[in-house]
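Visitor: Just one file: work.tsv, with TSV, N, CA, C and O atoms.
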```tsv
chain	number	residue	atom	x	y	z
D	1	MET	N	-16.94	18.80	-22.67
D	1	MET	CA	-17.20	19.81	-21.67
D	1	MET	C	-16.65	19.39	-20.31
D	1	MET	O	-15.99	20.17	-19.66
D	2	VAL	N	-16.93	18.18	-19.87
D	2	VAL	CA	-16.45	17.70	-18.58
D	2	VAL	C	-14.92	17.69	-18.56
D	2	VAL	O	-14.30	18.08	-17.57
D	3	SER	N	-14.30	17.28	-19.65
D	3	SER	CA	-12.84	17.24	-19.73
D	3	SER	C	-12.25	18.63	-19.55
D	3	SER	O	-11.24	18.80	-18.85
D	4	GLU	N	-12.86	19.64	-20.14
D	4	GLU	CA	-12.37	21.00	-20.03
D	4	GLU	C	-12.48	21.51	-18.60
D	4	GLU	O	-11.58	22.18	-18.09
D	5	ILE	N	-13.58	21.21	-17.93
D	5	ILE	CA	-13.77	21.62	-16.53
D	5	ILE	C	-12.74	20.92	-15.65
D	5	ILE	O	-12.12	21.54	-14.78
D	6	PHE	N	-12.53	19.64	-15.86
D	6	PHE	CA	-11.54	18.87	-15.11
D	6	PHE	C	-10.15	19.49	-15.29
D	6	PHE	O	-9.43	19.72	-14.32
D	7	LEU	N	-9.76	19.77	-16.51
D	7	LEU	CA	-8.44	20.31	-16.78
D	7	LEU	C	-8.27	21.73	-16.26
D	7	LEU	O	-7.17	22.14	-15.90
D	8	ALA	N	-9.34	22.51	-16.21
D	8	ALA	CA	-9.26	23.89	-15.76
D	8	ALA	C	-9.12	24.01	-14.24
D	8	ALA	O	-8.69	25.04	-13.74
D	9	SER	N	-9.47	22.96	-13.52
D	9	SER	CA	-9.37	22.99	-12.06
D	9	SER	C	-7.91	23.19	-11.66
D	9	SER	O	-7.00	22.58	-12.21
D	10	LEU	N	-7.68	24.05	-10.67
D	10	LEU	CA	-6.32	24.41	-10.28
D	10	LEU	C	-5.74	23.51	-9.19
D	10	LEU	O	-4.61	23.72	-8.77
D	11	VAL	N	-6.50	22.54	-8.72
D	11	VAL	CA	-6.00	21.64	-7.69
D	11	VAL	C	-5.28	20.45	-8.33
D	11	VAL	O	-5.52	20.14	-9.50
D	12	PRO	N	-4.40	19.78	-7.58
D	12	PRO	CA	-3.77	18.57	-8.12
D	12	PRO	C	-4.84	17.52	-8.45
D	12	PRO	O	-5.83	17.39	-7.72
D	13	LYS	N	-4.65	16.82	-9.56
D	13	LYS	CA	-5.66	15.87	-10.02
D	13	LYS	C	-5.04	14.51	-10.32
D	13	LYS	O	-3.93	14.43	-10.84
D	14	LEU	N	-5.80	13.47	-10.04
D	14	LEU	CA	-5.41	12.09	-10.34
D	14	LEU	C	-6.56	11.44	-11.08
D	14	LEU	O	-7.71	11.51	-10.63
D	15	LEU	N	-6.28	10.84	-12.20
D	15	LEU	CA	-7.29	10.12	-12.97
D	15	LEU	C	-6.89	8.65	-12.99
D	15	LEU	O	-5.83	8.30	-13.51
D	16	LEU	N	-7.72	7.82	-12.38
D	16	LEU	CA	-7.48	6.37	-12.38
D	16	LEU	C	-8.37	5.75	-13.44
D	16	LEU	O	-9.58	5.98	-13.47
D	17	LEU	N	-7.77	4.97	-14.32
D	17	LEU	CA	-8.49	4.35	-15.43
D	17	LEU	C	-8.26	2.86	-15.47
D	17	LEU	O	-7.20	2.37	-15.09
D	18	ALA	N	-9.26	2.15	-15.98
D	18	ALA	CA	-9.10	0.72	-16.22
D	18	ALA	C	-8.45	0.48	-17.58
D	18	ALA	O	-7.86	-0.56	-17.82
D	19	GLY	N	-8.53	1.45	-18.46
D	19	GLY	CA	-7.93	1.36	-19.79
D	19	GLY	C	-7.98	2.71	-20.46
D	19	GLY	O	-8.70	3.60	-20.04
D	20	THR	N	-7.22	2.87	-21.52
D	20	THR	CA	-7.17	4.16	-22.22
D	20	THR	C	-7.78	4.09	-23.61
D	20	THR	O	-7.69	5.06	-24.37
D	21	ASP	N	-8.42	3.00	-23.94
D	21	ASP	CA	-8.95	2.83	-25.29
D	21	ASP	C	-10.04	3.83	-25.65
D	21	ASP	O	-10.24	4.15	-26.81
D	22	ARG	N	-10.74	4.40	-24.65
D	22	ARG	CA	-11.81	5.35	-24.94
D	22	ARG	C	-11.51	6.74	-24.39
D	22	ARG	O	-12.40	7.54	-24.20
D	23	LEU	N	-10.26	7.04	-24.13
D	23	LEU	CA	-9.87	8.34	-23.60
D	23	LEU	C	-9.96	9.39	-24.70
D	23	LEU	O	-9.40	9.22	-25.78
D	24	ASP	N	-10.67	10.47	-24.41
D	24	ASP	CA	-10.84	11.55	-25.38
D	24	ASP	C	-9.52	12.27	-25.66
D	24	ASP	O	-8.56	12.19	-24.91
D	25	LYS	N	-9.53	13.03	-26.74
D	25	LYS	CA	-8.34	13.77	-27.16
D	25	LYS	C	-7.94	14.84	-26.12
D	25	LYS	O	-6.76	15.00	-25.81
D	26	THR	N	-8.91	15.56	-25.58
D	26	THR	CA	-8.62	16.66	-24.65
D	26	THR	C	-7.88	16.17	-23.40
D	26	THR	O	-6.84	16.73	-23.04
D	27	PRO	N	-8.36	15.14	-22.69
D	27	PRO	CA	-7.60	14.68	-21.53
D	27	PRO	C	-6.26	14.05	-21.90
D	27	PRO	O	-5.30	14.15	-21.13
D	28	THR	N	-6.17	13.45	-23.06
D	28	THR	CA	-4.89	12.89	-23.49
D	28	THR	C	-3.85	14.00	-23.62
D	28	THR	O	-2.73	13.88	-23.13
D	29	ILE	N	-4.23	15.08	-24.25
D	29	ILE	CA	-3.32	16.22	-24.41
D	29	ILE	C	-3.00	16.83	-23.05
D	29	ILE	O	-1.85	17.15	-22.75
D	30	GLY	N	-4.02	16.98	-22.19
D	30	GLY	CA	-3.81	17.54	-20.85
D	30	GLY	C	-2.84	16.71	-20.02
D	30	GLY	O	-1.98	17.25	-19.32
D	31	GLN	N	-2.95	15.41	-20.13
D	31	GLN	CA	-2.03	14.53	-19.38
D	31	GLN	C	-0.62	14.68	-19.92
D	31	GLN	O	0.34	14.74	-19.16
D	32	MET	N	-0.48	14.78	-21.22
D	32	MET	CA	0.84	14.95	-21.82
D	32	MET	C	1.46	16.30	-21.45
D	32	MET	O	2.67	16.43	-21.39
D	33	GLN	N	0.62	17.27	-21.16
D	33	GLN	CA	1.09	18.59	-20.73
D	33	GLN	C	1.35	18.65	-19.22
D	33	GLN	O	1.73	19.70	-18.71
D	34	GLY	N	1.09	17.57	-18.52
D	34	GLY	CA	1.34	17.53	-17.08
D	34	GLY	C	0.27	18.18	-16.23
D	34	GLY	O	0.52	18.55	-15.09
D	35	LYS	N	-0.94	18.30	-16.76
D	35	LYS	CA	-2.01	18.95	-16.01
D	35	LYS	C	-2.65	18.03	-14.97
D	35	LYS	O	-3.37	18.50	-14.10
D	36	PHE	N	-2.40	16.75	-15.07
D	36	PHE	CA	-2.88	15.81	-14.06
D	36	PHE	C	-2.07	14.52	-14.17
D	36	PHE	O	-1.38	14.27	-15.15
D	37	GLN	N	-2.17	13.74	-13.12
D	37	GLN	CA	-1.50	12.43	-13.11
D	37	GLN	C	-2.52	11.38	-13.52
D	37	GLN	O	-3.66	11.40	-13.06
D	38	MET	N	-2.11	10.49	-14.39
D	38	MET	CA	-2.99	9.42	-14.84
D	38	MET	C	-2.34	8.08	-14.56
D	38	MET	O	-1.15	7.90	-14.81
D	39	VAL	N	-3.14	7.16	-14.02
D	39	VAL	CA	-2.66	5.81	-13.75
D	39	VAL	C	-3.66	4.83	-14.34
D	39	VAL	O	-4.86	4.95	-14.10
D	40	VAL	N	-3.18	3.89	-15.11
D	40	VAL	CA	-4.02	2.82	-15.65
D	40	VAL	C	-3.88	1.62	-14.72
D	40	VAL	O	-2.78	1.10	-14.53
D	41	VAL	N	-5.00	1.21	-14.13
D	41	VAL	CA	-5.02	0.08	-13.21
D	41	VAL	C	-5.47	-1.14	-14.00
D	41	VAL	O	-6.64	-1.25	-14.38
D	42	ARG	N	-4.54	-2.01	-14.31
D	42	ARG	CA	-4.81	-3.17	-15.17
D	42	ARG	C	-5.73	-4.19	-14.49
D	42	ARG	O	-5.80	-4.26	-13.27
D	43	ASN	N	-6.39	-4.97	-15.28
D	43	ASN	CA	-7.25	-6.07	-14.84
D	43	ASN	C	-8.38	-5.61	-13.92
D	43	ASN	O	-8.73	-6.28	-12.96
D	44	THR	N	-8.93	-4.43	-14.21
D	44	THR	CA	-10.07	-3.93	-13.46
D	44	THR	C	-11.15	-3.48	-14.44
D	44	THR	O	-10.90	-3.31	-15.63
D	45	GLY	N	-12.33	-3.28	-13.89
D	45	GLY	CA	-13.44	-2.77	-14.70
D	45	GLY	C	-13.78	-1.36	-14.27
D	45	GLY	O	-12.91	-0.61	-13.82
D	46	HIS	N	-15.07	-1.02	-14.37
D	46	HIS	CA	-15.50	0.34	-14.05
D	46	HIS	C	-15.37	0.66	-12.57
D	46	HIS	O	-15.25	1.83	-12.21
D	47	ALA	N	-15.40	-0.33	-11.71
D	47	ALA	CA	-15.31	-0.11	-10.26
D	47	ALA	C	-13.91	-0.50	-9.77
D	47	ALA	O	-13.73	-1.52	-9.11
D	48	ILE	N	-12.94	0.33	-10.09
D	48	ILE	CA	-11.55	0.04	-9.72
D	48	ILE	C	-11.41	-0.17	-8.22
D	48	ILE	O	-10.70	-1.06	-7.78
D	49	GLN	N	-12.12	0.66	-7.44
D	49	GLN	CA	-12.02	0.58	-5.98
D	49	GLN	C	-12.53	-0.76	-5.45
D	49	GLN	O	-12.11	-1.19	-4.37
D	50	GLU	N	-13.39	-1.43	-6.18
D	50	GLU	CA	-13.88	-2.74	-5.76
D	50	GLU	C	-13.05	-3.88	-6.35
D	50	GLU	O	-12.86	-4.91	-5.71
D	51	ASP	N	-12.57	-3.69	-7.57
D	51	ASP	CA	-11.79	-4.74	-8.23
D	51	ASP	C	-10.38	-4.86	-7.69
D	51	ASP	O	-9.80	-5.94	-7.69
D	52	ALA	N	-9.81	-3.74	-7.25
D	52	ALA	CA	-8.43	-3.74	-6.73
D	52	ALA	C	-8.35	-2.76	-5.55
D	52	ALA	O	-7.70	-1.72	-5.64
D	53	PRO	N	-9.03	-3.08	-4.44
D	53	PRO	CA	-9.14	-2.11	-3.34
D	53	PRO	C	-7.80	-1.70	-2.72
D	53	PRO	O	-7.60	-0.53	-2.41
D	54	GLN	N	-6.89	-2.63	-2.57
D	54	GLN	CA	-5.60	-2.28	-1.96
D	54	GLN	C	-4.77	-1.39	-2.88
D	54	GLN	O	-4.19	-0.40	-2.45
D	55	GLU	N	-4.74	-1.73	-4.15
D	55	GLU	CA	-4.01	-0.91	-5.12
D	55	GLU	C	-4.64	0.48	-5.22
D	55	GLU	O	-3.94	1.49	-5.26
D	56	PHE	N	-5.97	0.53	-5.24
D	56	PHE	CA	-6.69	1.79	-5.29
D	56	PHE	C	-6.32	2.66	-4.09
D	56	PHE	O	-5.97	3.84	-4.24
D	57	ALA	N	-6.38	2.09	-2.90
D	57	ALA	CA	-6.05	2.83	-1.68
D	57	ALA	C	-4.61	3.33	-1.70
D	57	ALA	O	-4.33	4.47	-1.35
D	58	ASN	N	-3.69	2.48	-2.13
D	58	ASN	CA	-2.28	2.87	-2.20
D	58	ASN	C	-2.06	4.01	-3.19
D	58	ASN	O	-1.29	4.94	-2.91
D	59	LEU	N	-2.73	3.95	-4.32
D	59	LEU	CA	-2.60	5.02	-5.33
D	59	LEU	C	-3.13	6.35	-4.79
D	59	LEU	O	-2.50	7.40	-4.96
D	60	ILE	N	-4.26	6.31	-4.11
D	60	ILE	CA	-4.85	7.53	-3.55
D	60	ILE	C	-3.95	8.10	-2.45
D	60	ILE	O	-3.65	9.30	-2.44
D	61	LEU	N	-3.50	7.26	-1.54
D	61	LEU	CA	-2.64	7.73	-0.45
D	61	LEU	C	-1.32	8.28	-0.98
D	61	LEU	O	-0.82	9.31	-0.51
D	62	ASN	N	-0.75	7.61	-1.97
D	62	ASN	CA	0.48	8.09	-2.59
D	62	ASN	C	0.28	9.45	-3.23
D	62	ASN	O	1.10	10.36	-3.09
D	63	PHE	N	-0.82	9.60	-3.94
D	63	PHE	CA	-1.13	10.87	-4.61
D	63	PHE	C	-1.29	11.99	-3.58
D	63	PHE	O	-0.73	13.07	-3.74
D	64	ILE	N	-2.04	11.72	-2.53
D	64	ILE	CA	-2.25	12.73	-1.49
D	64	ILE	C	-0.94	13.12	-0.85
D	64	ILE	O	-0.64	14.31	-0.69
D	65	SER	N	-0.13	12.14	-0.51
D	65	SER	CA	1.11	12.45	0.19
D	65	SER	C	2.10	13.22	-0.69
D	65	SER	O	2.85	14.05	-0.20
D	66	HIS	N	2.08	12.99	-1.99
D	66	HIS	CA	3.00	13.69	-2.88
D	66	HIS	C	2.44	15.00	-3.43
D	66	HIS	O	3.18	15.92	-3.72
D	67	SER	N	1.13	15.08	-3.59
D	67	SER	CA	0.53	16.27	-4.20
D	67	SER	C	0.07	17.30	-3.18
D	67	SER	O	0.15	18.49	-3.44
D	68	TRP	N	-0.42	16.84	-2.06
D	68	TRP	CA	-1.02	17.75	-1.09
D	68	TRP	C	-0.12	18.04	0.10
D	68	TRP	O	-0.37	18.97	0.84
D	69	CYS	N	0.90	17.27	0.32
D	69	CYS	CA	1.73	17.42	1.51
D	69	CYS	C	3.01	18.17	1.20
D	69	CYS	O	4.10	17.74	1.56
D	70	ARG	N	2.89	19.28	0.56
D	70	ARG	CA	4.09	20.07	0.23
D	70	ARG	C	4.59	20.82	1.45
D	70	ARG	O	5.75	21.16	1.53
D	71	ASP	N	3.71	21.09	2.39
D	71	ASP	CA	4.13	21.65	3.66
D	71	ASP	C	3.17	21.16	4.75
D	71	ASP	O	2.14	20.59	4.45
D	72	SER	N	3.53	21.37	5.98
D	72	SER	CA	2.76	20.80	7.08
D	72	SER	C	1.36	21.37	7.20
D	72	SER	O	0.49	20.76	7.80
D	73	ARG	N	1.10	22.53	6.62
D	73	ARG	CA	-0.23	23.12	6.72
D	73	ARG	C	-1.25	22.41	5.84
D	73	ARG	O	-2.43	22.44	6.12
D	74	THR	N	-0.81	21.79	4.75
D	74	THR	CA	-1.75	21.15	3.84
D	74	THR	C	-1.73	19.63	3.93
D	74	THR	O	-2.50	18.97	3.26
D	75	CYS	N	-0.87	19.08	4.73
D	75	CYS	CA	-0.74	17.63	4.81
D	75	CYS	C	-1.74	17.04	5.80
D	75	CYS	O	-1.99	17.60	6.86
D	76	LEU	N	-2.30	15.92	5.42
D	76	LEU	CA	-3.16	15.20	6.34
D	76	LEU	C	-2.29	14.55	7.41
D	76	LEU	O	-1.26	13.95	7.09
D	77	PRO	N	-2.66	14.66	8.67
D	77	PRO	CA	-1.82	14.07	9.71
D	77	PRO	C	-1.81	12.55	9.62
D	77	PRO	O	-2.82	11.93	9.31
D	78	SER	N	-0.66	11.95	9.88
D	78	SER	CA	-0.58	10.49	9.83
D	78	SER	C	-1.22	9.88	11.07
D	78	SER	O	-1.72	8.78	11.03
D	79	GLN	N	-1.19	10.60	12.16
D	79	GLN	CA	-1.84	10.14	13.39
D	79	GLN	C	-2.55	11.33	14.01
D	79	GLN	O	-2.03	12.44	13.99
D	80	PRO	N	-3.69	11.08	14.62
D	80	PRO	CA	-4.37	12.20	15.29
D	80	PRO	C	-3.54	12.67	16.48
D	80	PRO	O	-2.91	11.86	17.16
D	81	LYS	N	-3.53	13.97	16.69
D	81	LYS	CA	-2.82	14.52	17.84
D	81	LYS	C	-3.63	14.29	19.10
D	81	LYS	O	-4.83	14.50	19.11
D	82	VAL	N	-2.93	13.87	20.12
D	82	VAL	CA	-3.60	13.65	21.41
D	82	VAL	C	-3.16	14.77	22.34
D	82	VAL	O	-1.97	14.97	22.58
D	83	GLU	N	-4.13	15.53	22.83
D	83	GLU	CA	-3.81	16.64	23.73
D	83	GLU	C	-4.00	16.18	25.16
D	83	GLU	O	-4.98	15.48	25.47
D	84	HIS	N	-3.09	16.57	26.02
D	84	HIS	CA	-3.17	16.18	27.43
D	84	HIS	C	-3.67	17.34	28.26
D	84	HIS	O	-3.41	18.43	28.10
```
Can the structure in the file be given as structure tokens, please?

Guide:
Amino acid sequence: MVSEIFLASLVPKLLLLAGTDRLDKTPTIGQMQGKFQMVVVRNTGHAIQEDAPQEFANLILNFISHSWCRDSRTCLPSQPKVEH
């Protein structure tokens, strides 16, 4: 059920995994169909953000910049604008 809800979402999606040994059939097929991006972060456990914080941050920032920044209206600013 959760896999179907995840795949049905219309926003860009990133799934970070420590391994694929327990990945269900539904998300495997969805990933092969290009419905989301999947990255396996090696040598980590359940808390990827704690086991590999720099790699985790880089993966998230890369995903945001490539998936959400298709035009200036949806892109997160790299620096806050300073108004005078």

Visitor: How many Å lie between CA of Gly30 in chain D and CA of Glu50 in chain D, rounded to one decimal?

Guide: 27.2 Å

Visitor: Quick one: of D:Gly19, D:Ala52, D:Glu4, D:Lys13, who's nearest to Gly34 in chain D, counting only N, CA, C and O atoms?

Guide: D:Lys13

Visitor: When you count only C-alpha atoms, which of these residues is closest to Lys35 in chain D: D:Gln54, D:Ser9, D:Ser67, D:Thr20?

Guide: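 For Lys35 in chain D, the nearest of the candidates is D:Ser9.
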
Visitor: Separation of atom N of Met38 in chain D and atom C of Pro53 in chain D, in Å?

Guide: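 Those two atoms sit 17.8 Å apart.
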
Visitor: Rounded to one decimal place, report the CA of Asp51 in chain D-CA of Leu16 in chain D distance in Å.

Guide: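 Computed distance, CA of Asp51 in chain D to CA of Leu16 in chain D, equals 12.6 Å.
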
Visitor: For Val39 in chain D, find every residue with an atom within 9 Å (counting only C-alpha atoms), except residues of its own chain fewer than 2 positions away, and show them as a PyMOL selection string.

Guide: chain D and resi 14-18+37+41+59

Visitor: If you keep N, CA, C and O atoms, can you produce a file of those selected residues as a compact mmCIF listing (two decimals), in the coordinates of the input?

Guide:
```
# COMPACT_ATOMS: atom_id res chain seq x y z
N LEU D 14 -5.80 13.47 -10.04
CA LEU D 14 -5.41 12.09 -10.34
C LEU D 14 -6.56 11.44 -11.08
O LEU D 14 -7.71 11.51 -10.63
N LEU D 15 -6.28 10.84 -12.20
CA LEU D 15 -7.29 10.12 -12.97
C LEU D 15 -6.89 8.65 -12.99
O LEU D 15 -5.83 8.30 -13.51
N LEU D 16 -7.72 7.82 -12.38
CA LEU D 16 -7.48 6.37 -12.38
C LEU D 16 -8.37 5.75 -13.44
O LEU D 16 -9.58 5.98 -13.47
N LEU D 17 -7.77 4.97 -14.32
CA LEU D 17 -8.49 4.35 -15.43
C LEU D 17 -8.26 2.86 -15.47
O LEU D 17 -7.20 2.37 -15.09
N ALA D 18 -9.26 2.15 -15.98
CA ALA D 18 -9.10 0.72 -16.22
C ALA D 18 -8.45 0.48 -17.58
O ALA D 18 -7.86 -0.56 -17.82
N GLN D 37 -2.17 13.74 -13.12
CA GLN D 37 -1.50 12.43 -13.11
C GLN D 37 -2.52 11.38 -13.52
O GLN D 37 -3.66 11.40 -13.06
N VAL D 41 -5.00 1.21 -14.13
CA VAL D 41 -5.02 0.08 -13.21
C VAL D 41 -5.47 -1.14 -14.00
O VAL D 41 -6.64 -1.25 -14.38
N LEU D 59 -2.73 3.95 -4.32
CA LEU D 59 -2.60 5.02 -5.33
C LEU D 59 -3.13 6.35 -4.79
O LEU D 59 -2.50 7.40 -4.96
```

Visitor: Nearest to Thr26 in chain D: which of D:Pro12, D:Ser3, D:Ala47, D:Ile64 is it, counting only N, CA, C and O atoms?

Guide: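 The shortest atom-to-atom distance to Thr26 in chain D comes from D:Ser3.
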
Visitor: Using only C-alpha atoms, which of D:Val40, D:Ile5, D:Leu61, D:Ile48 sits nearest Asp21 in chain D?

Guide: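 Selected residue with least distance to Asp21 in chain D: D:Val40.
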